[in-house]
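S.K.: Got a structure for you, data_7.cif, holding mmCIF, C-alpha atoms and all ligand atoms.
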```
data_upload
#
loop_
_atom_site.label_atom_id
_atom_site.label_comp_id
_atom_site.auth_asym_id
_atom_site.auth_seq_id
_atom_site.Cartn_x
_atom_site.Cartn_y
_atom_site.Cartn_z
CA MET A 1 -206.31 93.88 -19.01
CA ILE A 2 -204.39 95.80 -16.39
CA PRO A 3 -200.66 96.40 -16.76
CA LEU A 4 -198.22 94.52 -14.59
CA THR A 5 -197.12 96.64 -11.68
CA THR A 6 -193.73 95.00 -11.42
CA PRO A 7 -191.37 93.55 -13.99
CA ALA A 8 -191.48 89.81 -14.58
CA VAL A 9 -189.10 87.83 -12.40
CA PRO A 10 -186.14 86.44 -14.36
CA ALA A 11 -186.54 82.70 -14.80
CA ASP A 12 -183.08 81.75 -13.69
CA SER A 13 -182.19 80.69 -10.20
CA ALA A 14 -178.63 82.00 -10.45
CA ILE A 15 -179.83 85.46 -11.46
CA LEU A 16 -182.38 85.40 -8.67
CA ALA A 17 -179.79 84.47 -6.12
CA ALA A 18 -177.51 87.21 -7.39
CA LEU A 19 -180.30 89.78 -7.30
CA ALA A 20 -181.18 88.75 -3.78
CA ILE A 21 -177.71 89.16 -2.30
CA PRO A 22 -177.78 92.91 -1.53
CA ALA A 23 -180.82 92.47 0.70
CA VAL A 24 -178.75 90.40 3.14
CA SER A 25 -177.15 93.56 4.43
CA ASP A 26 -180.56 94.68 5.72
CA ILE A 27 -180.86 91.71 7.98
CA PRO A 28 -179.16 91.84 11.33
CA ALA A 29 -177.19 88.76 12.29
CA ALA A 30 -178.37 86.72 9.32
CA PRO A 31 -176.92 83.22 9.41
CA ALA A 32 -174.61 82.12 6.62
CA GLY A 33 -175.18 79.49 3.90
CA PRO A 34 -178.60 78.28 2.71
CA GLU A 35 -180.24 80.12 5.60
CA ILE A 36 -179.49 83.43 3.85
CA ARG A 37 -181.94 82.73 1.06
CA LYS A 38 -184.65 81.85 3.55
CA LYS A 39 -184.07 85.03 5.50
CA ILE A 40 -184.59 87.15 2.37
CA GLN A 41 -188.32 87.08 2.66
CA LYS A 42 -188.88 90.65 3.48
CA THR A 43 -190.93 92.10 0.67
CA LYS A 44 -194.59 91.44 1.26
CA ILE A 45 -196.38 90.79 -2.02
CA LEU A 46 -199.79 89.61 -0.87
CA GLN A 47 -201.65 90.53 2.31
CA LEU A 48 -204.92 88.97 3.38
CA SER A 49 -206.59 90.95 6.14
CA GLY A 50 -209.78 89.77 7.80
CA LEU A 51 -210.92 87.69 4.82
CA SER A 52 -214.30 86.09 5.48
CA VAL A 53 -216.22 83.91 3.03
CA GLN A 54 -219.75 82.65 3.60
CA PHE A 55 -221.87 80.33 1.49
CA GLU A 56 -225.64 80.45 1.60
CA THR A 57 -226.87 76.86 1.35
CA SER A 58 -230.16 75.05 1.89
CA LEU A 59 -228.67 73.71 5.15
CA GLY A 60 -227.74 77.17 6.39
CA ARG A 61 -224.85 79.57 6.19
CA VAL A 62 -221.38 78.00 5.86
CA GLN A 63 -218.64 80.17 7.34
CA ALA A 64 -215.85 78.72 5.21
CA ALA A 65 -213.25 81.42 5.93
CA ASP A 66 -213.47 83.40 9.14
CA ASN A 67 -211.34 86.51 9.53
CA VAL A 68 -208.33 84.97 7.78
CA SER A 69 -205.19 87.10 7.80
CA PHE A 70 -201.74 86.24 6.53
CA GLU A 71 -199.15 87.60 4.18
CA ILE A 72 -196.92 86.13 1.52
CA PHE A 73 -193.40 87.39 1.08
CA GLU A 74 -191.36 87.44 -2.08
CA ASN A 75 -189.77 84.13 -3.05
CA GLU A 76 -191.07 82.19 -0.06
CA THR A 77 -193.16 79.06 0.24
CA LEU A 78 -196.06 79.49 2.63
CA ALA A 79 -198.00 76.33 3.40
CA LEU A 80 -201.67 76.54 4.35
CA VAL A 81 -202.36 73.33 6.21
CA GLY A 82 -205.39 71.85 7.94
CA GLU A 83 -207.95 69.04 7.88
CA THR A 84 -210.11 68.49 4.82
CA GLY A 85 -213.04 70.90 4.78
CA CYS A 86 -211.41 73.59 6.96
CA GLY A 87 -211.51 76.22 4.19
CA LYS A 88 -208.11 76.08 2.47
CA SER A 89 -209.40 75.88 -1.10
CA VAL A 90 -211.97 78.56 -0.38
CA VAL A 91 -209.14 80.92 0.59
CA ALA A 92 -207.35 80.08 -2.67
CA SER A 93 -210.54 80.65 -4.68
CA ALA A 94 -211.07 83.97 -2.90
CA ILE A 95 -207.57 85.12 -3.85
CA MET A 96 -208.21 84.13 -7.48
CA GLN A 97 -211.79 85.50 -7.35
CA LEU A 98 -213.09 82.12 -8.50
CA LEU A 99 -215.73 81.70 -5.80
CA PRO A 100 -219.15 80.43 -6.86
CA LYS A 101 -222.18 82.73 -6.96
CA ASN A 102 -223.54 81.61 -3.58
CA ALA A 103 -220.41 82.95 -1.85
CA LYS A 104 -220.12 86.31 -0.11
CA SER A 105 -216.65 87.55 0.74
CA LYS A 106 -215.42 90.52 2.72
CA GLY A 107 -212.09 91.78 3.98
CA ASN A 108 -209.01 92.75 2.07
CA ILE A 109 -206.74 90.86 -0.31
CA GLU A 110 -204.04 93.37 -1.08
CA PHE A 111 -201.87 92.68 -4.10
CA GLY A 112 -199.96 95.26 -6.12
CA GLY A 113 -201.64 98.11 -4.27
CA ARG A 114 -205.16 96.89 -4.99
CA ASN A 115 -207.78 94.97 -3.04
CA LEU A 116 -208.47 91.99 -5.32
CA LEU A 117 -211.99 91.77 -3.89
CA ASP A 118 -212.74 95.15 -5.49
CA LEU A 119 -211.58 94.23 -9.00
CA GLY A 120 -214.01 93.60 -11.81
CA GLU A 121 -213.90 90.42 -13.87
CA GLU A 122 -211.86 92.01 -16.66
CA GLU A 123 -209.18 93.29 -14.31
CA MET A 124 -209.11 90.00 -12.45
CA ALA A 125 -208.64 88.10 -15.72
CA GLY A 126 -205.44 90.09 -16.16
CA VAL A 127 -204.22 89.02 -12.72
CA ARG A 128 -205.06 85.32 -13.08
CA GLY A 129 -202.23 83.38 -14.65
CA ALA A 130 -200.14 86.48 -15.35
CA GLU A 131 -199.58 87.66 -11.78
CA ILE A 132 -201.05 84.88 -9.65
CA ALA A 133 -201.32 81.38 -11.08
CA ILE A 134 -203.07 78.38 -9.58
CA ILE A 135 -202.36 74.69 -10.04
CA PHE A 136 -205.43 72.69 -9.22
CA GLN A 137 -205.53 69.29 -7.62
CA ASN A 138 -205.86 66.32 -9.98
CA PRO A 139 -204.14 67.51 -13.17
CA SER A 140 -205.61 64.74 -15.31
CA LEU A 141 -209.09 66.14 -14.66
CA SER A 142 -208.09 69.80 -14.88
CA LEU A 143 -206.51 69.49 -18.34
CA ASN A 144 -208.66 69.55 -21.47
CA PRO A 145 -208.64 65.99 -22.87
CA VAL A 146 -209.15 67.07 -26.50
CA VAL A 147 -206.44 69.74 -26.74
CA THR A 148 -202.78 68.84 -27.24
CA ILE A 149 -200.31 69.41 -24.42
CA GLY A 150 -198.43 72.03 -26.44
CA ASP A 151 -201.55 74.03 -27.22
CA GLN A 152 -202.79 73.89 -23.63
CA ILE A 153 -199.57 75.31 -22.26
CA ALA A 154 -199.18 77.82 -25.10
CA GLU A 155 -202.73 79.06 -24.52
CA MET A 156 -201.57 80.93 -21.42
CA LEU A 157 -199.54 83.38 -23.53
CA GLN A 158 -202.14 83.68 -26.26
CA VAL A 159 -205.06 84.37 -23.91
CA HIS A 160 -203.11 87.21 -22.34
CA GLY A 161 -202.16 88.57 -25.77
CA LYS A 162 -198.45 88.15 -25.11
CA ALA A 163 -197.56 86.16 -28.25
CA GLY A 164 -198.96 84.37 -31.28
CA ARG A 165 -199.43 80.61 -31.52
CA SER A 166 -196.04 79.57 -32.90
CA GLN A 167 -194.08 81.79 -30.50
CA SER A 168 -196.20 80.51 -27.59
CA ILE A 169 -195.58 76.88 -28.59
CA GLU A 170 -191.84 77.58 -28.67
CA LYS A 171 -191.98 79.03 -25.19
CA ALA A 172 -194.06 76.06 -24.00
CA ALA A 173 -191.42 73.69 -25.41
CA GLY A 174 -188.71 75.60 -23.52
CA VAL A 175 -190.57 75.51 -20.20
CA LEU A 176 -191.37 71.81 -20.58
CA GLN A 177 -187.73 71.10 -21.33
CA ARG A 178 -186.67 72.81 -18.12
CA LEU A 179 -189.10 70.55 -16.30
CA GLY A 180 -187.53 67.45 -17.81
CA LEU A 181 -189.99 66.89 -20.70
CA GLY A 182 -187.74 68.01 -23.54
CA GLU A 183 -188.90 65.64 -26.30
CA ARG A 184 -190.69 67.84 -28.87
CA SER A 185 -193.09 65.09 -29.94
CA LEU A 186 -194.67 65.35 -26.47
CA LEU A 187 -196.16 68.71 -27.46
CA LYS A 188 -198.47 66.94 -29.92
CA MET A 189 -199.73 64.40 -27.40
CA TYR A 190 -202.91 64.52 -25.31
CA PRO A 191 -203.28 64.41 -21.48
CA PHE A 192 -204.65 60.84 -21.54
CA GLN A 193 -201.35 59.72 -23.13
CA PHE A 194 -199.42 61.13 -20.15
CA SER A 195 -198.94 59.67 -16.68
CA GLY A 196 -200.30 61.56 -13.65
CA GLY A 197 -196.81 62.85 -12.85
CA MET A 198 -196.29 64.11 -16.42
CA ASN A 199 -199.65 65.88 -16.39
CA GLN A 200 -198.65 67.50 -13.10
CA ARG A 201 -195.59 68.90 -14.90
CA VAL A 202 -197.86 70.17 -17.70
CA MET A 203 -199.88 72.07 -15.07
CA ILE A 204 -196.69 73.46 -13.60
CA ALA A 205 -195.47 74.49 -17.07
CA SER A 206 -198.75 76.34 -17.69
CA ALA A 207 -198.36 78.14 -14.38
CA LEU A 208 -194.80 79.19 -15.27
CA MET A 209 -195.57 80.51 -18.76
CA LEU A 210 -196.31 84.08 -17.68
CA SER A 211 -193.76 84.28 -14.83
CA PRO A 212 -196.36 85.00 -12.14
CA ARG A 213 -195.29 86.47 -8.82
CA ILE A 214 -197.31 83.93 -6.86
CA ILE A 215 -198.20 80.34 -7.65
CA ILE A 216 -200.93 78.64 -5.63
CA ALA A 217 -200.71 74.85 -5.59
CA ASP A 218 -203.88 73.31 -4.18
CA GLU A 219 -203.25 69.82 -2.78
CA PRO A 220 -200.64 68.90 -5.41
CA THR A 221 -200.04 65.46 -3.89
CA LYS A 222 -203.59 64.51 -2.90
CA GLY A 223 -204.57 61.07 -4.20
CA LEU A 224 -201.10 60.33 -5.60
CA ASP A 225 -199.16 57.19 -4.67
CA SER A 226 -196.10 57.88 -2.53
CA ALA A 227 -193.59 57.63 -5.40
CA THR A 228 -195.55 60.08 -7.60
CA ALA A 229 -196.11 62.36 -4.61
CA ALA A 230 -192.36 62.43 -3.91
CA GLY A 231 -191.76 63.29 -7.60
CA THR A 232 -194.32 66.08 -7.38
CA VAL A 233 -192.55 67.59 -4.40
CA GLN A 234 -189.34 67.68 -6.44
CA GLU A 235 -191.24 69.32 -9.32
CA MET A 236 -192.60 71.95 -6.96
CA LYS A 237 -189.12 72.75 -5.72
CA LYS A 238 -187.81 72.95 -9.27
CA MET A 239 -190.76 75.15 -10.23
CA LYS A 240 -189.90 77.59 -7.48
CA ASP A 241 -186.26 77.74 -8.49
CA LEU A 242 -187.13 78.26 -12.15
CA SER A 243 -189.68 80.97 -11.58
CA GLY A 244 -188.54 82.86 -8.49
CA ALA A 245 -192.25 83.10 -7.65
CA SER A 246 -193.67 82.75 -4.16
CA LEU A 247 -195.58 79.56 -3.57
CA LEU A 248 -198.78 79.21 -1.57
CA LEU A 249 -198.92 75.48 -0.96
CA ILE A 250 -202.29 74.18 0.17
CA THR A 251 -202.29 70.76 1.74
CA HIS A 252 -203.69 68.56 4.48
CA ASP A 253 -200.35 66.77 4.66
CA PRO A 254 -197.93 68.12 7.31
CA ALA A 255 -195.14 65.88 5.98
CA LEU A 256 -195.28 67.69 2.63
CA VAL A 257 -195.18 71.02 4.43
CA GLU A 258 -192.07 70.06 6.33
CA SER A 259 -190.26 69.06 3.16
CA ILE A 260 -190.89 72.23 1.19
CA ALA A 261 -192.30 75.21 3.13
CA ASP A 262 -190.52 78.19 4.68
CA ARG A 263 -193.52 79.19 6.78
CA VAL A 264 -196.74 77.51 7.70
CA ALA A 265 -200.24 78.78 8.50
CA VAL A 266 -202.45 76.28 10.30
CA MET A 267 -206.16 76.46 9.57
CA TYR A 268 -209.08 74.99 11.48
CA CYS A 269 -212.80 75.46 10.86
CA GLY A 270 -212.29 78.52 8.64
CA GLU A 271 -209.78 80.24 10.93
CA VAL A 272 -206.00 80.53 10.91
CA LEU A 273 -204.85 79.47 14.37
CA GLU A 274 -201.09 79.62 14.11
CA ILE A 275 -198.50 81.05 11.72
CA GLY A 276 -194.75 80.77 11.91
CA PRO A 277 -191.53 79.56 10.35
CA CYS A 278 -191.97 75.93 9.39
CA ARG A 279 -189.03 74.66 11.43
CA ASP A 280 -190.18 76.43 14.59
CA VAL A 281 -193.78 75.32 14.23
CA PHE A 282 -192.76 71.70 13.69
CA GLN A 283 -190.26 71.70 16.55
CA LYS A 284 -192.43 73.60 19.01
CA PRO A 285 -196.05 73.86 17.94
CA LEU A 286 -197.77 76.46 20.11
CA HIS A 287 -201.44 75.92 19.37
CA PRO A 288 -202.99 72.72 20.78
CA TYR A 289 -204.53 72.04 17.35
CA THR A 290 -201.14 72.30 15.64
CA LYS A 291 -199.75 69.89 18.22
CA ALA A 292 -202.64 67.50 17.64
CA LEU A 293 -202.20 67.71 13.86
CA LEU A 294 -198.51 66.89 14.11
CA ASP A 295 -199.19 64.05 16.54
CA CYS A 296 -201.18 62.39 13.74
CA LEU A 297 -197.92 61.87 11.80
CA PRO A 298 -196.59 58.28 11.83
CA GLU A 299 -193.19 59.41 13.12
CA ARG A 300 -194.93 61.14 16.04
CA GLY A 301 -197.00 58.17 17.08
CA LEU A 302 -200.05 58.32 14.78
CA HIS A 303 -202.31 59.73 17.50
CA PRO A 304 -205.69 60.67 16.05
CA ILE A 305 -207.29 63.96 17.11
CA PRO A 306 -210.11 63.11 19.52
CA GLY A 307 -213.67 64.05 18.55
CA ALA A 308 -215.03 64.99 15.16
CA SER A 309 -214.42 67.92 12.82
CA PRO A 310 -216.77 70.78 13.71
CA SER A 311 -219.85 71.73 11.73
CA MET A 312 -219.16 74.64 9.41
CA THR A 313 -222.81 75.75 9.58
CA ASN A 314 -223.00 75.71 13.36
CA PRO A 315 -219.41 75.93 14.65
CA PRO A 316 -218.59 75.77 18.38
CA GLN A 317 -218.82 79.09 20.20
CA GLY A 318 -215.66 80.70 21.53
CA CYS A 319 -212.50 78.86 20.54
CA LYS A 320 -213.71 76.56 17.76
CA PHE A 321 -211.25 73.86 18.82
CA HIS A 322 -212.42 73.80 22.45
CA PRO A 323 -214.62 70.65 22.26
CA ARG A 324 -211.52 68.68 21.19
CA CYS A 325 -208.85 70.52 23.13
CA PRO A 326 -207.14 68.80 26.08
CA MET A 327 -205.97 72.20 27.36
CA ARG A 328 -209.31 73.99 27.45
CA CYS A 329 -210.24 76.11 30.42
CA THR A 330 -213.17 78.31 31.37
CA LYS A 331 -211.93 81.24 29.31
CA CYS A 332 -212.04 79.14 26.11
CA SER A 333 -215.78 79.67 25.75
CA GLN A 334 -214.77 83.10 24.43
CA SER A 335 -212.93 83.50 21.16
CA PRO A 336 -209.21 84.22 21.63
CA LEU A 337 -207.43 86.94 19.65
CA MET A 338 -204.48 86.30 17.37
CA LYS A 339 -201.34 87.24 19.28
CA ARG A 340 -197.85 87.93 18.00
CA MET A 341 -195.22 86.09 19.99
CA LYS A 342 -191.63 87.21 20.28
CA ARG A 343 -189.19 84.37 19.87
CA THR A 344 -187.96 84.54 23.44
CA GLU A 345 -191.54 84.77 24.63
CA TRP A 346 -192.86 81.76 22.77
CA MET A 347 -189.91 79.63 23.70
CA THR A 348 -190.60 80.43 27.32
CA GLN A 349 -194.35 80.09 27.11
CA VAL A 350 -194.18 76.77 25.36
CA GLU A 351 -192.14 75.34 28.21
CA LEU A 352 -194.75 76.57 30.65
CA VAL A 353 -197.59 75.19 28.62
CA GLU A 354 -195.84 71.83 28.49
CA ARG A 355 -195.64 71.97 32.26
CA VAL A 356 -199.35 72.73 32.46
CA GLU A 357 -199.95 69.80 30.13
CA ARG A 358 -198.18 67.47 32.53
CA THR A 359 -200.56 68.38 35.33
CA THR A 360 -203.72 66.31 35.49
CA GLN A 361 -207.03 67.55 34.12
CA ALA A 362 -208.39 67.74 37.68
CA GLU A 363 -205.48 69.89 38.78
CA ARG A 364 -206.00 72.11 35.79
CA GLU A 365 -209.68 72.54 36.42
CA GLU A 366 -208.91 73.63 39.98
CA ARG A 367 -207.18 76.67 38.60
CA THR A 368 -209.91 78.99 37.46
CA THR A 369 -207.92 79.78 34.38
CA GLN A 370 -204.74 78.06 33.47
CA VAL A 371 -204.03 81.11 31.36
CA GLU A 372 -203.64 83.20 34.48
CA TRP A 373 -201.38 80.53 35.89
CA VAL A 374 -199.19 80.56 32.82
CA GLU A 375 -199.14 84.34 32.77
CA ARG A 376 -198.13 84.53 36.43
CA ALA A 377 -195.40 81.98 35.98
CA THR A 378 -194.16 83.82 32.90
CA GLN A 379 -193.88 87.07 34.80
CA VAL A 380 -192.12 85.56 37.78
CA GLU A 381 -189.73 83.15 36.12
CA CYS A 382 -189.06 84.52 32.73
CA VAL A 383 -188.93 88.26 32.85
CA GLU A 384 -185.17 88.32 32.35
CA ARG A 385 -185.24 85.97 29.39
CA MET A 386 -187.99 87.95 27.72
CA LYS A 387 -185.76 91.02 27.76
CA THR A 388 -183.35 89.41 25.32
CA VAL A 389 -183.45 90.61 21.73
CA ASP A 390 -186.06 89.29 19.34
CA LEU A 391 -184.10 88.32 16.25
CA GLY A 392 -187.17 87.49 14.19
CA THR A 393 -187.38 88.98 10.70
CA PRO A 394 -190.84 90.12 9.54
CA SER A 395 -191.42 86.79 7.87
CA GLY A 396 -190.10 84.97 10.93
CA GLU A 397 -192.91 86.17 13.17
CA ARG A 398 -195.06 83.74 15.07
CA TRP A 399 -198.72 84.30 15.63
CA VAL A 400 -201.04 82.14 17.66
CA LYS A 401 -204.73 82.28 18.50
CA CYS A 402 -205.15 80.58 21.85
CA TRP A 403 -205.80 81.71 25.39
CA LEU A 404 -202.71 79.87 26.59
CA TYR A 405 -200.51 82.59 25.11
N1 LIG A 501 -219.83 76.09 -3.28
C1 LIG A 501 -219.98 75.79 -1.99
N2 LIG A 501 -221.20 75.87 -1.39
C2 LIG A 501 -221.34 75.60 -0.09
N3 LIG A 501 -220.34 75.22 0.74
C3 LIG A 501 -219.12 75.11 0.19
C4 LIG A 501 -218.86 75.39 -1.19
N4 LIG A 501 -217.53 75.21 -1.43
C5 LIG A 501 -216.98 74.84 -0.25
N5 LIG A 501 -217.93 74.78 0.72
C6 LIG A 501 -217.72 74.43 2.12
O1 LIG A 501 -216.71 75.26 2.64
C7 LIG A 501 -215.92 74.53 3.55
C8 LIG A 501 -214.48 74.64 3.18
O2 LIG A 501 -214.27 73.97 1.97
P1 LIG A 501 -212.85 73.84 1.28
O3 LIG A 501 -212.19 75.16 1.25
O4 LIG A 501 -213.04 73.16 -0.02
O5 LIG A 501 -212.06 72.88 2.29
P2 LIG A 501 -210.57 72.32 2.18
O6 LIG A 501 -209.98 72.83 0.92
O7 LIG A 501 -209.88 72.80 3.40
O8 LIG A 501 -210.70 70.83 2.19
C9 LIG A 501 -216.43 73.11 3.55
O9 LIG A 501 -217.29 72.92 4.64
C10 LIG A 501 -217.20 73.02 2.25
O10 LIG A 501 -218.25 72.11 2.36
S1 LIG A 502 -208.16 78.70 23.37
FE1 LIG A 502 -208.50 77.10 24.91
S2 LIG A 502 -209.68 75.49 23.87
FE2 LIG A 502 -208.78 76.83 22.31
S3 LIG A 502 -206.91 75.82 21.76
FE3 LIG A 502 -206.39 77.32 23.34
S4 LIG A 502 -206.52 76.18 25.26
FE4 LIG A 502 -207.53 74.94 23.71
MG MG A 503 -209.38 71.76 -0.80
#
```
With the file now loaded, output its structure as structure tokens.
Ligand SMILES: Nc1ncnc2c1ncn2[C@@H]1O[C@H](COP(=O)(O)OP(=O)(O)O)[C@@H](O)[C@H]1O
Ligand code: SF4
Ligand SMILES: [Mg+2]

M.R.:
Amino acid sequence: MIPLTTPAVPADSAILAALAIPAVSDIPAAPAGPEIRKKIQKTKILQLSGLSVQFETSLGRVQAADNVSFEIFENETLALVGETGCGKSVVASAIMQLLPKNAKSKGNIEFGGRNLLDLGEEEMAGVRGAEIAIIFQNPSLSLNPVVTIGDQIAEMLQVHGKAGRSQSIEKAAGVLQRLGLGERSLLKMYPFQFSGGMNQRVMIASALMLSPRIIIADEPTKGLDSATAAGTVQEMKKMKDLSGASLLLITHDPALVESIADRVAVMYCGEVLEIGPCRDVFQKPLHPYTKALLDCLPERGLHPIPGASPSMTNPPQGCKFHPRCPMRCTKCSQSPLMKRMKRTEWMTQVELVERVERTTQAEREERTTQVEWVERATQVECVERMKTVDLGTPSGERWVKCWLY
């Protein structure tokens, strides 16, 4: 097992807040109040760069993750959102090195000064649970039905050689208590005696046992009724406060993202198409797919995305969203590059794109590339505004992969 490269994070929200305070001075013009905590997301703890994962199958090669890049900062919640089948869980499995044998991955997953893709199984076993923990979807199926709740949670410490059985059980009891399951008799019960919500808390308790720096929660609310899902969201928030860990929240549910995430990365057909602060992305989505995804929400009119999800074995050439995109133009048959947008720039560009959207399709097609049109308009009308200062912190950056920007 490899040694931890950083000390465990204290499991106390007050201590965490106190520890975080000095960093505020680094941030120019940081807003007061709860915003301060959100702005303290400066230390990068995980960096994915150009991660690609392919599966060889009898039906052909599945490009499940295609050049995926994003970072996770300390103490933040990053949501990875997108339709079912777009590659979210594959990214999580790649980070944990839990991909099946028919998978080939390349790129870089930098964590603690190492590329996780280069680690052997023994080293990776030391990372899993201790430094990066994962909570799988459907806790009732993930838990072992013939092992008591107490032993399952305690196992995390024992497997990593951190404590003996009785000490581990004591710690498990303490963690469960903080999650609202303080009755000691619960430790001797089995998962089938628990409700779905209680089992979810057992999974969370297991993830918290070793104070990992990152917790990945893969579709924590999928298949739950709305009351249990709402409870799970509260548990997730509590989990973050208790642990001080960063959370990578994987979901197909934008409403969940809005309620919990600091930043959001939008994934489509194996690619990340947009990344930005949650509030900005929800208020002004830049990528046409992000817009379409949000328009599916009931409060935004329940508009389904036209067309079907693309094939992962034979994806569309160029921009993979182009067959479904109302904004496509001739240039979209080539693949766009991910572009970093300054705040002033994206606010300006989004207005222009909205203006392009209001023109008819015929009008748009007349312009050889609407991109050129947007670019020209940007130069002429907005040069002054673009000179204003970009106040974005590193974690406040916005990135978008679309020819419109
Ligand atoms: N073991 C596997 N073999 C072949 N294809 C797989 C395997 N696991 C996942 N895939 C494919 O990879 C794509 C992404 O899957 P996944 O990450 O599970 O999607 P999501 O979590 O976004 O719903 C899907 O097309 C899925 O069929
Ligand atoms: S690159 Fe073109 S097709 Fe793709 S999302 Fe942007 S406008 Fe639409
Ligand atoms: Mg999944």

S.K.: Output the neighbourhood of ligand LIG 502 (chain A) as a PyMOL selection string, that is, all protein and nucleic acid residues with some atom at most 9 Å from the ligand, counting all atoms listed in the file.

M.R.: chain A and resi 273+287-289+318-336+370-371+401-405

S.K.: Go ahead and compute the interatomic distance for atom CA of Gly396 of chain A and atom CA of Asn108 of chain A, in Å to one decimal.

M.R.: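 Between atom CA of Gly396 of chain A and atom CA of Asn108 of chain A the gap is 22.3 Å.
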
S.K.: Have a look at atom CA of Leu256 of chain A and atom CA of Gln47 of chain A and let me know their distance in Å, one decimal.

M.R.: 23.7 Å

S.K.: Within 7 Å of ligand MG 503 (chain A) (counting only C-alpha atoms and all ligand atoms), which residues show up? I'd like them as number ranges by chain.

M.R.: A: 84-85, 88-89, 218-219

S.K.: Considering only C-alpha atoms and all ligand atoms, tabulate each residue of chain A that lies at most 9 Å from ligand LIG 501 (chain A) along with its nearest interatomic pair and the corresponding distance in Å to one decimal; arrange the rows by chain and ascending residue number and present them as CSV.

M.R.:
```
residue,atom,partner,partner_atom,distance
A:Val53,CA,A:LIG501,O1,8.7
A:Gln54,CA,A:LIG501,N3,8.0
A:Phe55,CA,A:LIG501,C2,5.0
A:Glu56,CA,A:LIG501,C2,6.7
A:Thr57,CA,A:LIG501,C2,5.9
A:Arg61,CA,A:LIG501,C2,8.2
A:Val62,CA,A:LIG501,N3,5.9
A:Gln63,CA,A:LIG501,O1,7.1
A:Ala64,CA,A:LIG501,O1,4.4
A:Ala65,CA,A:LIG501,C8,7.4
A:Val81,CA,A:LIG501,O7,8.0
A:Gly82,CA,A:LIG501,O7,6.5
A:Glu83,CA,A:LIG501,O7,6.2
A:Thr84,CA,A:LIG501,O8,3.6
A:Gly85,CA,A:LIG501,O5,3.3
A:Cys86,CA,A:LIG501,O7,4.0
A:Gly87,CA,A:LIG501,O3,3.2
A:Lys88,CA,A:LIG501,O7,3.8
A:Ser89,CA,A:LIG501,O6,3.7
A:Val90,CA,A:LIG501,O3,3.8
A:Val91,CA,A:LIG501,O3,6.6
A:Ala92,CA,A:LIG501,O3,7.9
A:Ser93,CA,A:LIG501,O3,8.2
A:Leu99,CA,A:LIG501,N1,7.4
A:Pro100,CA,A:LIG501,N1,5.7
A:Lys101,CA,A:LIG501,N1,7.9
A:Asn102,CA,A:LIG501,N2,6.6
A:Ala103,CA,A:LIG501,N1,7.0
A:Asp218,CA,A:LIG501,O6,8.0
A:Glu219,CA,A:LIG501,O6,8.2
A:Ile250,CA,A:LIG501,O6,7.8
A:Thr251,CA,A:LIG501,O6,8.0
A:His252,CA,A:LIG501,O7,7.6
A:Met267,CA,A:LIG501,O7,8.1
A:Tyr268,CA,A:LIG501,O7,8.4
A:Cys269,CA,A:LIG501,C8,7.9
A:Gly270,CA,A:LIG501,C8,7.0
A:Ser311,CA,A:LIG501,O9,7.6
A:Met312,CA,A:LIG501,O9,5.4
A:Thr313,CA,A:LIG501,O9,7.9
```

S.K.: For segment 94-101 of chain A, what centre and edge lengths in Å (one decimal) does the axis-aligned box get once 3 Å is added on each side of all its listed atoms, as AutoDock Vina command-line options?

M.R.:
```
--center_x -214.9 --center_y 83.0 --center_z -5.7 --size_x 20.6 --size_y 11.1 --size_z 11.6
```

S.K.: Give me, as a PyMOL selection string, all polymer residues having an atom no more than 8 Å from segment 157-173 of chain A, counting all atoms listed in the file and skipping those fewer than 4 positions away in the same chain.

M.R.: chain A and resi 126+130+150-151+153+177+182+184+187+205-206+209-210

S.K.: Do you have the atom CA of Ala133 of chain A-atom CA of Arg398 of chain A distance handy?

M.R.: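 Interatomic distance here is 27.0 Å.
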
S.K.: Of the candidates A:Cys296, A:Ile132, A:Leu98, A:Leu186, which shows the shortest atom-to-atom distance to Ile45 of chain A, using all atoms listed in the file?

M.R.: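 Closest residue, counting all atoms listed in the file: A:Ile132.
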
S.K.: Could you check which of A:Thr43, A:Ser259, A:Gln283, A:Thr148 is closest to Gln234 of chain A, using all atoms listed in the file?

M.R.: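 Closest candidate: A:Ser259.
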
S.K.: Measuring atom to atom with all atoms listed in the file, identify which of A:Ala229, A:Ile135, A:Ala125, A:Ile215 is nearest to Met203 of chain A.

M.R.: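 Closest candidate: A:Ile135.
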
S.K.: Considering all atoms listed in the file, return as a list in words whatever protein or nucleic-acid residues lie within 8 Å of Pro212 of chain A, sequence-local ones (same chain, fewer than 5 positions apart) excluded.

M.R.: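 The contact residues come out as Ala8, Val9, Gly129, Ala130, Glu131, Ile132, Ala133, Ala207, Ser243 and Ala245 of chain A.
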
S.K.: Which protein, DNA or RNA residues are at most 12 Å from (-207.7, 91.8, -3.5) in the file's coordinates when you count only C-alpha atoms, listed as a ChimeraX atom specification?

M.R.: /A:45-51,91-97,105-120,123-124,127-128,132

S.K.: Can you work out which one of A:Phe194, A:Phe70, A:Trp346, A:Trp399 has the shortest atom-to-atom distance to Leu181 of chain A, counting only C-alpha atoms?

M.R.: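 Nearest candidate to Leu181 of chain A out of A:Phe194, A:Phe70, A:Trp346, A:Trp399: A:Phe194.
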
S.K.: Counting only C-alpha atoms, which residue out of A:Asp280, A:Asp225, A:Glu357, A:Glu299 sits closest to Ala265 of chain A?

M.R.: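 The shortest atom-to-atom distance to Ala265 of chain A comes from A:Asp280.
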
S.K.: I want to know what sits within 9 Å of Asp295 of chain A, based on all atoms listed in the file, with residues of the same chain fewer than 6 positions away left out; could you give that as a PyMOL selection string?

M.R.: chain A and resi 301-305
